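**Student:** Coordinates in structure_28.txt, compact mmCIF, C-alpha atoms and all ligand atoms, are listed below.
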```
# COMPACT_ATOMS: atom_id res chain seq x y z
CA MET Z 1 6.56 -3.78 21.38
CA ALA Z 2 2.87 -2.85 21.43
CA TYR Z 3 1.46 0.44 22.72
CA GLY Z 4 -2.30 -0.13 22.38
CA LEU Z 5 -2.38 2.55 19.68
CA LEU Z 6 -5.33 0.97 17.83
CA LYS Z 7 -7.29 -0.32 20.81
CA GLY Z 8 -10.98 -0.52 19.88
CA LYS Z 9 -10.38 0.34 16.22
CA ARG Z 10 -11.60 -1.67 13.23
CA GLY Z 11 -9.69 -1.92 9.97
CA VAL Z 12 -9.77 -3.33 6.46
CA ILE Z 13 -6.41 -4.40 5.01
CA PHE Z 14 -6.06 -4.87 1.25
CA GLY Z 15 -3.07 -6.68 -0.27
CA ALA Z 16 -1.74 -9.31 2.14
CA LEU Z 17 -0.66 -12.09 -0.20
CA ASP Z 18 2.11 -13.96 1.61
CA GLU Z 19 4.48 -13.53 4.55
CA ASN Z 20 6.59 -10.98 2.64
CA SER Z 21 3.73 -8.66 1.70
CA ILE Z 22 3.91 -5.26 3.36
CA ALA Z 23 0.18 -5.62 4.14
CA THR Z 24 0.86 -8.82 6.09
CA HIS Z 25 3.24 -6.94 8.37
CA VAL Z 26 0.67 -4.16 8.79
CA ALA Z 27 -2.06 -6.70 9.60
CA ARG Z 28 0.03 -8.37 12.31
CA ARG Z 29 1.04 -5.05 13.87
CA ALA Z 30 -2.54 -3.74 13.81
CA ILE Z 31 -3.72 -6.76 15.78
CA GLU Z 32 -0.83 -6.35 18.23
CA GLU Z 33 -1.88 -2.72 18.69
CA GLY Z 34 -5.39 -3.82 19.66
CA ALA Z 35 -7.33 -3.50 16.38
CA LYS Z 36 -9.87 -5.88 14.93
CA ILE Z 37 -9.30 -6.37 11.21
CA VAL Z 38 -10.65 -7.98 8.07
CA LEU Z 39 -8.26 -9.01 5.30
CA THR Z 40 -9.14 -8.77 1.65
CA ASN Z 41 -7.48 -9.66 -1.63
CA ALA Z 42 -8.38 -10.51 -5.22
CA PRO Z 43 -10.28 -13.80 -5.72
CA VAL Z 44 -7.27 -15.18 -7.62
CA ALA Z 45 -5.15 -14.72 -4.49
CA PHE Z 46 -7.67 -16.87 -2.57
CA ARG Z 47 -7.28 -19.61 -5.14
CA ALA Z 48 -3.51 -19.57 -4.49
CA GLY Z 49 -4.35 -20.34 -0.84
CA THR Z 50 -1.84 -18.30 1.19
CA ILE Z 51 -4.33 -15.59 2.19
CA LYS Z 52 -6.67 -18.16 3.76
CA LYS Z 53 -3.82 -19.62 5.78
CA LEU Z 54 -2.74 -16.15 6.84
CA ALA Z 55 -6.28 -15.29 7.98
CA GLU Z 56 -6.43 -18.52 9.99
CA ASP Z 57 -3.06 -17.77 11.61
CA LEU Z 58 -4.22 -14.29 12.57
CA GLY Z 59 -7.70 -15.48 13.62
CA VAL Z 60 -9.44 -13.00 11.31
CA GLU Z 61 -11.85 -13.22 8.40
CA ALA Z 62 -10.77 -12.73 4.80
CA ILE Z 63 -13.23 -11.51 2.16
CA PRO Z 64 -12.41 -11.89 -1.54
CA ALA Z 65 -12.70 -8.63 -3.51
CA ASP Z 66 -11.19 -7.63 -6.82
CA ALA Z 67 -10.34 -4.01 -5.98
CA THR Z 68 -11.25 -2.94 -9.53
CA ASN Z 69 -14.78 -4.34 -9.18
CA VAL Z 70 -17.28 -2.00 -7.53
CA ASP Z 71 -19.75 -4.80 -6.69
CA ASP Z 72 -16.99 -6.74 -4.91
CA LEU Z 73 -16.07 -3.59 -2.98
CA LYS Z 74 -19.73 -3.02 -2.02
CA ASN Z 75 -19.93 -6.55 -0.67
CA LEU Z 76 -16.68 -6.02 1.26
CA PHE Z 77 -17.69 -2.69 2.84
CA GLU Z 78 -21.12 -4.05 3.75
CA LYS Z 79 -19.74 -7.20 5.35
CA ALA Z 80 -16.66 -5.79 7.13
CA PRO Z 81 -18.61 -3.56 9.58
CA GLU Z 82 -20.98 -6.48 10.31
CA ILE Z 83 -18.06 -8.82 11.04
CA LEU Z 84 -16.14 -6.26 13.09
CA GLY Z 85 -19.17 -4.92 14.98
CA GLY Z 86 -19.12 -1.31 13.80
CA LYS Z 87 -17.90 1.19 11.24
CA ILE Z 88 -14.35 1.05 9.85
CA ASP Z 89 -11.67 3.27 11.43
CA PHE Z 90 -8.78 2.53 9.09
CA VAL Z 91 -8.09 1.13 5.63
CA LEU Z 92 -4.80 0.09 4.00
CA HIS Z 93 -4.54 0.06 0.19
CA SER Z 94 -1.49 -2.11 -0.50
CA ILE Z 95 -2.15 -3.10 -4.10
CA GLY Z 96 0.07 -2.84 -7.13
CA MET Z 97 0.46 -4.68 -10.42
CA SER Z 98 1.75 -3.64 -13.82
CA VAL Z 99 0.69 -5.79 -16.74
CA ASN Z 100 3.35 -4.30 -19.04
CA ILE Z 101 6.12 -4.97 -16.49
CA ARG Z 102 4.84 -8.47 -15.95
CA LYS Z 103 4.87 -9.09 -19.69
CA LYS Z 104 8.29 -7.42 -20.01
CA ARG Z 105 7.20 -4.63 -22.40
CA GLU Z 106 9.60 -1.69 -22.50
CA TYR Z 107 8.37 1.82 -21.65
CA PHE Z 108 8.66 2.99 -25.28
CA ASP Z 109 6.62 0.00 -26.50
CA LEU Z 110 3.75 -0.20 -24.01
CA ASN Z 111 0.45 -1.91 -24.70
CA TYR Z 112 -2.28 0.62 -23.87
CA ASP Z 113 -4.97 -1.90 -22.95
CA TRP Z 114 -2.57 -3.37 -20.41
CA MET Z 115 -1.67 0.13 -19.22
CA GLN Z 116 -5.36 0.81 -18.46
CA LYS Z 117 -5.54 -2.42 -16.49
CA THR Z 118 -2.43 -1.37 -14.56
CA TYR Z 119 -3.98 1.98 -13.69
CA ASP Z 120 -7.26 0.36 -12.71
CA ILE Z 121 -5.60 -2.12 -10.34
CA SER Z 122 -2.84 0.09 -8.94
CA ALA Z 123 -4.53 3.50 -8.76
CA ILE Z 124 -8.22 3.75 -9.67
CA SER Z 125 -8.99 0.98 -7.17
CA PHE Z 126 -8.02 3.49 -4.45
CA HIS Z 127 -10.69 5.93 -5.59
CA LYS Z 128 -13.21 3.11 -5.98
CA MET Z 129 -12.68 1.79 -2.46
CA MET Z 130 -13.01 5.24 -0.90
CA GLN Z 131 -16.09 6.10 -2.96
CA VAL Z 132 -17.81 2.79 -2.18
CA ALA Z 133 -16.98 2.91 1.54
CA HIS Z 134 -18.13 6.54 1.76
CA LYS Z 135 -21.40 5.96 -0.13
CA LEU Z 136 -22.24 3.00 2.10
CA ASP Z 137 -21.37 5.13 5.16
CA SER Z 138 -19.03 2.35 6.31
CA LEU Z 139 -16.28 4.69 7.53
CA ASN Z 140 -16.09 6.09 11.04
CA GLU Z 141 -15.68 9.77 11.86
CA GLY Z 142 -11.96 10.57 12.44
CA GLY Z 143 -10.69 7.51 10.55
CA SER Z 144 -7.46 7.09 8.62
CA ILE Z 145 -6.78 5.73 5.12
CA ILE Z 146 -3.33 4.91 3.73
CA ALA Z 147 -2.13 3.80 0.30
CA LEU Z 148 1.42 2.62 -0.34
CA THR Z 149 3.36 4.35 -3.07
CA TYR Z 150 6.86 4.78 -4.48
CA ILE Z 151 9.09 7.82 -5.19
CA ALA Z 152 8.95 7.09 -8.95
CA ALA Z 153 5.63 8.99 -8.89
CA ASP Z 154 7.69 12.15 -8.54
CA ARG Z 155 11.18 11.42 -9.95
CA THR Z 156 12.29 9.31 -12.88
CA PHE Z 157 13.22 5.71 -12.14
CA PRO Z 158 13.24 4.18 -15.64
CA PHE Z 159 12.76 0.54 -14.56
CA TYR Z 160 9.48 1.43 -12.82
CA SER Z 161 7.79 1.97 -16.21
CA GLU Z 162 4.04 2.72 -16.24
CA MET Z 163 3.83 2.18 -12.48
CA ALA Z 164 5.31 5.68 -12.11
CA GLU Z 165 2.16 7.21 -13.61
CA ALA Z 166 -0.06 4.81 -11.65
CA LYS Z 167 1.55 5.98 -8.40
CA ALA Z 168 1.23 9.64 -9.42
CA ILE Z 169 -2.52 9.14 -9.88
CA LEU Z 170 -2.71 7.26 -6.57
CA GLU Z 171 -1.01 10.11 -4.71
CA SER Z 172 -3.31 12.64 -6.34
CA TYR Z 173 -6.38 10.69 -5.19
CA ALA Z 174 -5.07 10.91 -1.62
CA ARG Z 175 -5.08 14.70 -1.87
CA SER Z 176 -8.41 15.02 -3.70
CA PHE Z 177 -10.37 12.47 -1.68
CA GLY Z 178 -8.54 13.61 1.45
CA TYR Z 179 -10.19 16.99 1.03
CA HIS Z 180 -13.71 15.58 0.74
CA LEU Z 181 -13.41 13.00 3.51
CA GLY Z 182 -11.67 15.52 5.76
CA GLU Z 183 -14.40 18.12 5.33
CA ARG Z 184 -17.21 15.63 5.78
CA LYS Z 185 -15.93 13.20 8.41
CA ARG Z 186 -12.48 14.31 9.59
CA ILE Z 187 -11.08 11.22 7.86
CA ARG Z 188 -7.40 11.47 6.91
CA VAL Z 189 -6.06 10.16 3.61
CA ASN Z 190 -2.30 9.83 3.08
CA THR Z 191 0.17 7.91 0.95
CA VAL Z 192 3.29 6.31 2.39
CA SER Z 193 6.21 6.27 -0.03
CA GLN Z 194 8.14 3.15 0.90
CA SER Z 195 11.72 2.01 0.22
CA PRO Z 196 12.25 -0.89 -2.19
CA THR Z 197 11.10 -3.97 -0.29
CA MET Z 198 11.62 -7.65 -1.11
CA THR Z 199 8.08 -8.77 -1.98
CA LYS Z 200 6.34 -10.39 -4.94
CA ALA Z 201 5.31 -7.02 -6.44
CA GLY Z 202 8.73 -5.46 -5.76
CA SER Z 203 10.88 -8.22 -7.15
CA GLY Z 204 8.86 -8.31 -10.41
CA VAL Z 205 10.56 -5.05 -11.44
CA LYS Z 206 13.58 -5.39 -13.79
CA GLY Z 207 16.94 -5.02 -11.98
CA PHE Z 208 15.21 -4.91 -8.60
CA ALA Z 209 17.93 -6.69 -6.60
CA GLU Z 210 20.64 -4.30 -7.82
CA PHE Z 211 18.44 -1.27 -7.25
CA PHE Z 212 17.54 -2.51 -3.77
CA GLU Z 213 21.25 -2.46 -2.92
CA TYR Z 214 21.79 0.95 -4.54
CA SER Z 215 18.90 2.44 -2.59
CA ASP Z 216 20.12 0.87 0.63
CA LYS Z 217 23.55 2.45 0.20
CA MET Z 218 22.16 5.84 -0.85
CA SER Z 219 19.92 6.08 2.25
CA PRO Z 220 21.61 7.29 5.44
CA LEU Z 221 19.44 4.90 7.47
CA GLY Z 222 19.41 2.17 4.82
CA ASN Z 223 16.24 0.86 3.19
CA ALA Z 224 13.16 0.82 5.40
CA ASP Z 225 11.90 -2.76 5.64
CA ALA Z 226 8.30 -3.99 5.71
CA ALA Z 227 8.28 -4.30 9.51
CA SER Z 228 9.27 -0.66 9.99
CA CYS Z 229 6.69 0.36 7.36
CA ALA Z 230 4.07 -1.42 9.46
CA ASP Z 231 5.23 0.49 12.55
CA TYR Z 232 4.88 3.76 10.67
CA CYS Z 233 1.39 2.81 9.50
CA MET Z 234 0.40 2.19 13.14
CA THR Z 235 1.17 5.81 13.96
CA LEU Z 236 -0.84 6.98 10.95
CA PHE Z 237 -3.85 4.82 11.83
CA SER Z 238 -3.70 6.01 15.44
CA ASP Z 239 -5.22 9.21 16.82
CA LEU Z 240 -1.71 10.60 17.42
CA THR Z 241 -1.63 11.76 13.79
CA ARG Z 242 -5.22 13.03 13.68
CA MET Z 243 -4.20 16.30 11.99
CA VAL Z 244 -2.08 14.74 9.21
CA THR Z 245 -3.89 14.42 5.90
CA MET Z 246 -3.48 14.74 2.10
CA GLN Z 247 0.27 14.10 2.43
CA ASN Z 248 2.73 11.90 0.62
CA LEU Z 249 4.93 10.74 3.50
CA TYR Z 250 8.36 9.30 2.73
CA HIS Z 251 9.31 6.21 4.67
CA ASP Z 252 12.64 5.51 3.04
CA GLY Z 253 15.58 5.95 5.42
CA GLY Z 254 16.27 9.39 3.94
CA PHE Z 255 16.65 8.31 0.29
CA SER Z 256 14.25 10.94 -1.08
CA LYS Z 257 16.27 13.83 0.34
CA MET Z 258 19.69 12.70 -0.87
CA GLY Z 259 21.21 14.77 -3.67
CA MET Z 260 24.54 13.02 -4.09
CA HIS Z 261 26.51 10.49 -2.08
CA PRO Z 262 30.17 11.38 -1.44
CA GLY Z 263 31.06 7.69 -1.58
CA ILE Z 264 30.18 7.56 -5.27
CA MET Z 265 32.64 10.37 -6.04
CA THR Z 266 35.44 8.83 -4.02
CA GLY Z 267 34.70 5.35 -5.33
CA GLU Z 268 34.08 4.03 -1.78
CA LEU Z 269 30.41 3.39 -2.56
CA ARG Z 270 30.31 0.45 -4.91
CA ILE Z 271 26.91 -0.95 -5.82
CA ILE Z 272 27.83 -4.16 -7.60
N1 LIG A 301 7.92 -3.86 -2.70
C1 LIG A 301 8.37 -2.64 -2.96
O1 LIG A 301 9.55 -2.44 -3.30
C2 LIG A 301 7.44 -1.47 -2.80
C3 LIG A 301 8.00 -0.18 -2.65
C4 LIG A 301 7.11 0.90 -2.54
C5 LIG A 301 5.74 0.69 -2.58
N2 LIG A 301 5.25 -0.58 -2.74
C6 LIG A 301 3.81 -0.77 -2.82
O2 LIG A 301 3.38 -1.54 -1.72
C7 LIG A 301 2.13 -2.14 -2.09
C8 LIG A 301 2.15 -3.60 -1.68
O3 LIG A 301 3.05 -4.34 -2.46
P1 LIG A 301 4.03 -5.44 -1.86
O4 LIG A 301 5.40 -4.98 -2.17
O5 LIG A 301 3.67 -5.78 -0.47
O6 LIG A 301 3.78 -6.69 -2.83
P2 LIG A 301 2.70 -7.86 -2.82
O7 LIG A 301 2.84 -8.51 -4.14
O8 LIG A 301 2.86 -8.70 -1.62
O9 LIG A 301 1.31 -7.08 -2.73
C9 LIG A 301 0.59 -6.63 -3.85
C10 LIG A 301 -0.85 -7.04 -3.63
O10 LIG A 301 -1.74 -6.51 -4.61
C11 LIG A 301 -2.79 -7.48 -4.72
N3 LIG A 301 -3.61 -7.27 -5.90
C12 LIG A 301 -3.22 -7.32 -7.20
N4 LIG A 301 -4.30 -7.14 -8.01
C13 LIG A 301 -5.37 -6.96 -7.19
C14 LIG A 301 -6.75 -6.73 -7.42
N5 LIG A 301 -7.26 -6.63 -8.66
N6 LIG A 301 -7.58 -6.62 -6.35
C15 LIG A 301 -7.10 -6.72 -5.09
N7 LIG A 301 -5.79 -6.92 -4.81
C16 LIG A 301 -4.94 -7.05 -5.85
C17 LIG A 301 -1.98 -8.79 -4.79
O11 LIG A 301 -2.79 -9.95 -4.66
C18 LIG A 301 -1.03 -8.57 -3.63
O12 LIG A 301 -1.59 -9.00 -2.42
C19 LIG A 301 1.95 -1.89 -3.57
O13 LIG A 301 1.11 -0.76 -3.75
C20 LIG A 301 3.35 -1.57 -4.02
O14 LIG A 301 3.37 -0.81 -5.21
C21 LIG A 301 6.08 -1.66 -2.82
```
Represent the structure contained in this file as structure tokens.
Ligand SMILES: NC(=O)c1ccc[n+]([C@@H]2O[C@H](COP(=O)([O-])OP(=O)(O)OC[C@H]3O[C@@H](n4cnc5c(N)ncnc54)[C@H](O)[C@@H]3O)[C@@H](O)[C@H]2O)c1
**Tutor:**
Amino acid sequence: MAYGLLKGKRGVIFGALDENSIATHVARRAIEEGAKIVLTNAPVAFRAGTIKKLAEDLGVEAIPADATNVDDLKNLFEKAPEILGGKIDFVLHSIGMSVNIRKKREYFDLNYDWMQKTYDISAISFHKMMQVAHKLDSLNEGGSIIALTYIAADRTFPFYSEMAEAKAILESYARSFGYHLGERKRIRVNTVSQSPTMTKAGSGVKGFAEFFEYSDKMSPLGNADAASCADYCMTLFSDLTRMVTMQNLYHDGGFSKMGMHPGIMTGELRII
């Protein structure tokens, strides 16, 4: 169901790769809510082809940009307002990649060059996109910026490896940049801490399927799926949440507030 929450708004969505990507769900919902959007992803994702097909399906333009590359980001934030006919009201950062996880390096044997790459892609890109968009004056007064994160930024989830630190940096940028953009342009910056979700990035993590089930059982409402994450993002991009900024907002069916589950003690809650 659509409510016209984003009628007249213009957005840039980073990270839609395929039909499972959380960003793809957000892009579809934003259009349903009346927004005009531009999609963007790394050039390598364009070579794979699915982003182009997705943009065609949605009837929107897609601009290649490696989110770690400031020149690519400048090109993106110059072109997007031209394509959309005005300044940008909302941005989604839905980007994550760990080189050490991909190459199966354990946390006590990490390669530091790869770690820097991980931080650049998964966290520093968030600062870069906000800095570039702000310097180019591409963002509208009263806008809203969201990055997707995970609870491992705050609690230990051993399988999440160096991505835990990447997400901690990401969440800190939301607070720090949220201050500056709030003071200057009343722009909100928040992170949404999402449940485990079956996507390419998610399923690359060791033991993901088992943990997905564990998390689902530990959460009173079950895991939040990508479609419900997109719904939540609509509220955060809309003017209804115009006073919410610099927050890490859990969207996880209650997982983050659980201490223990009685079913584990009684043996009724079996994970595998
Ligand atoms: N899937 C989960 O379980 C889960 C849970 C919590 C948070 N998140 C976060 O949600 C976000 C989206 O991930 P997803 O699960 O939809 O997976 P996904 O694999 O569909 O999306 C990750 C995206 O990052 C993009 N990307 C990688 N390197 C890039 C670069 N250099 N420049 C631009 N884009 C680049 C990929 O092309 C891809 O589109 C990530 O930040 C992820 O950490 C995911």
**Student:** Just want the 6 Å neighbourhood of Z:Ala62, counted on all atoms listed in the file, with same-chain residues fewer than 3 positions away dropped. Output as a PyMOL selection string.
**Tutor:** chain Z and resi 38-40
**Student:** Using all atoms listed in the file, which residues of the polymer chains come no farther than 7 Å from ligand LIG 301 (chain A)? I'd like the answer as a ChimeraX atom specification.
**Tutor:** /Z:14-18,20-23,41-42,45,65-68,93-97,121-122,147-150,193-203
**Student:** Between Z:Phe157, Z:Tyr250, Z:Phe255, Z:Phe237, which has the minimum distance to Z:Lys9 (counting only C-alpha atoms)?
**Tutor:**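 Among the listed residues, Z:Phe237 lies closest to Z:Lys9.
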**Student:** Applying 6 Å and all atoms listed in the file, which residues near Z:Ala153 remain after dropping the ones on its own chain fewer than 3 positions away? List them as a ChimeraX atom specification.
**Tutor:** /Z:164,167-168
**Student:** Could the residues in this selection be saved with C-alpha atoms as a PDB file, in the coordinates of the input?
**Tutor:**
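Done, and the output landed in selection28.pdb:
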```pdb
ATOM      1  CA  ALA Z 164       5.310   5.680 -12.110  1.00  0.00           C
ATOM      2  CA  LYS Z 167       1.550   5.980  -8.400  1.00  0.00           C
ATOM      3  CA  ALA Z 168       1.230   9.640  -9.420  1.00  0.00           C
TER       4      ALA Z 168
END
```
**Student:** Rounded to one decimal in Å, what is the spacing between atom CA of Z:Arg175 and atom CA of Z:Val12?
**Tutor:**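 Computing it gives 20.4 Å between the two atoms.
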**Student:** Leaving out Z:Met1 and any residue of its chain fewer than 3 positions from it, which residues lie within 10 Å of it when counting only C-alpha atoms, given as a list in words?
**Tutor:** Gly4, Arg29, Glu32, Glu33 and Asp231 of chain Z
**Student:** Please compute the atom CA of Z:Lys74-atom CA of Z:Val132 distance, one decimal, in Å.
**Tutor:**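 Atom CA of Z:Lys74 sits 6.1 Å away from atom CA of Z:Val132.
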**Student:** Within 12 Å of (-4.4, -6.5, 18.7) in the file's own coordinates, which protein, DNA or RNA residues have an atom, counting all atoms listed in the file? List them as JSON, numbers by chain.
**Tutor:** {"Z": [1, 2, 3, 4, 5, 6, 7, 8, 9, 10, 11, 26, 27, 28, 29, 30, 31, 32, 33, 34, 35, 36, 37, 58, 59, 60, 234]}
**Student:** Based on the selection just made, write C-alpha atoms of those residues as a short mmCIF file (atom, residue, chain, number, x, y, z; two decimals), in the frame of the given file.
**Tutor:**
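For reference, part-v4.cif as written:
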```cif
data_model
loop_
_atom_site.label_atom_id
_atom_site.label_comp_id
_atom_site.auth_asym_id
_atom_site.auth_seq_id
_atom_site.Cartn_x
_atom_site.Cartn_y
_atom_site.Cartn_z
CA MET Z 1 6.56 -3.78 21.38
CA ALA Z 2 2.87 -2.85 21.43
CA TYR Z 3 1.46 0.44 22.72
CA GLY Z 4 -2.30 -0.13 22.38
CA LEU Z 5 -2.38 2.55 19.68
CA LEU Z 6 -5.33 0.97 17.83
CA LYS Z 7 -7.29 -0.32 20.81
CA GLY Z 8 -10.98 -0.52 19.88
CA LYS Z 9 -10.38 0.34 16.22
CA ARG Z 10 -11.60 -1.67 13.23
CA GLY Z 11 -9.69 -1.92 9.97
CA VAL Z 26 0.67 -4.16 8.79
CA ALA Z 27 -2.06 -6.70 9.60
CA ARG Z 28 0.03 -8.37 12.31
CA ARG Z 29 1.04 -5.05 13.87
CA ALA Z 30 -2.54 -3.74 13.81
CA ILE Z 31 -3.72 -6.76 15.78
CA GLU Z 32 -0.83 -6.35 18.23
CA GLU Z 33 -1.88 -2.72 18.69
CA GLY Z 34 -5.39 -3.82 19.66
CA ALA Z 35 -7.33 -3.50 16.38
CA LYS Z 36 -9.87 -5.88 14.93
CA ILE Z 37 -9.30 -6.37 11.21
CA LEU Z 58 -4.22 -14.29 12.57
CA GLY Z 59 -7.70 -15.48 13.62
CA VAL Z 60 -9.44 -13.00 11.31
CA MET Z 234 0.40 2.19 13.14
#
```
**Student:** Please list as a PyMOL selection string every residue within 6 Å of Z:Ile187, counting all atoms listed in the file and excluding residues in the same chain fewer than 5 positions away.
**Tutor:** chain Z and resi 142-144+181-182
**Student:** I'd like a table as a tab-separated table: residues in stretch 149-214 of chain Z with an atom no more than 10 Å from stretch 76-92 of chain Z, each row giving the shortest atom pair and its distance in Å to one decimal, all atoms listed in the file counted, sorted by chain and rising residue number.
**Tutor:**
```
residue	atom	partner	partner_atom	distance
Z:Ile187	CA	Z:Asp89	CA	8.7
Z:Arg188	CA	Z:Phe90	CA	9.3
Z:Val189	CA	Z:Val91	CA	9.5
Z:Thr191	CA	Z:Leu92	CA	9.8
```
**Student:** If we count all atoms listed in the file and set the cut-off at 8 Å, which residues sit around Z:Ala174, ignoring sequence neighbours fewer than 3 positions away in its own chain? Please answer as a PyMOL selection string.
**Tutor:** chain Z and resi 147+170-171+177-178+189-191+246-247
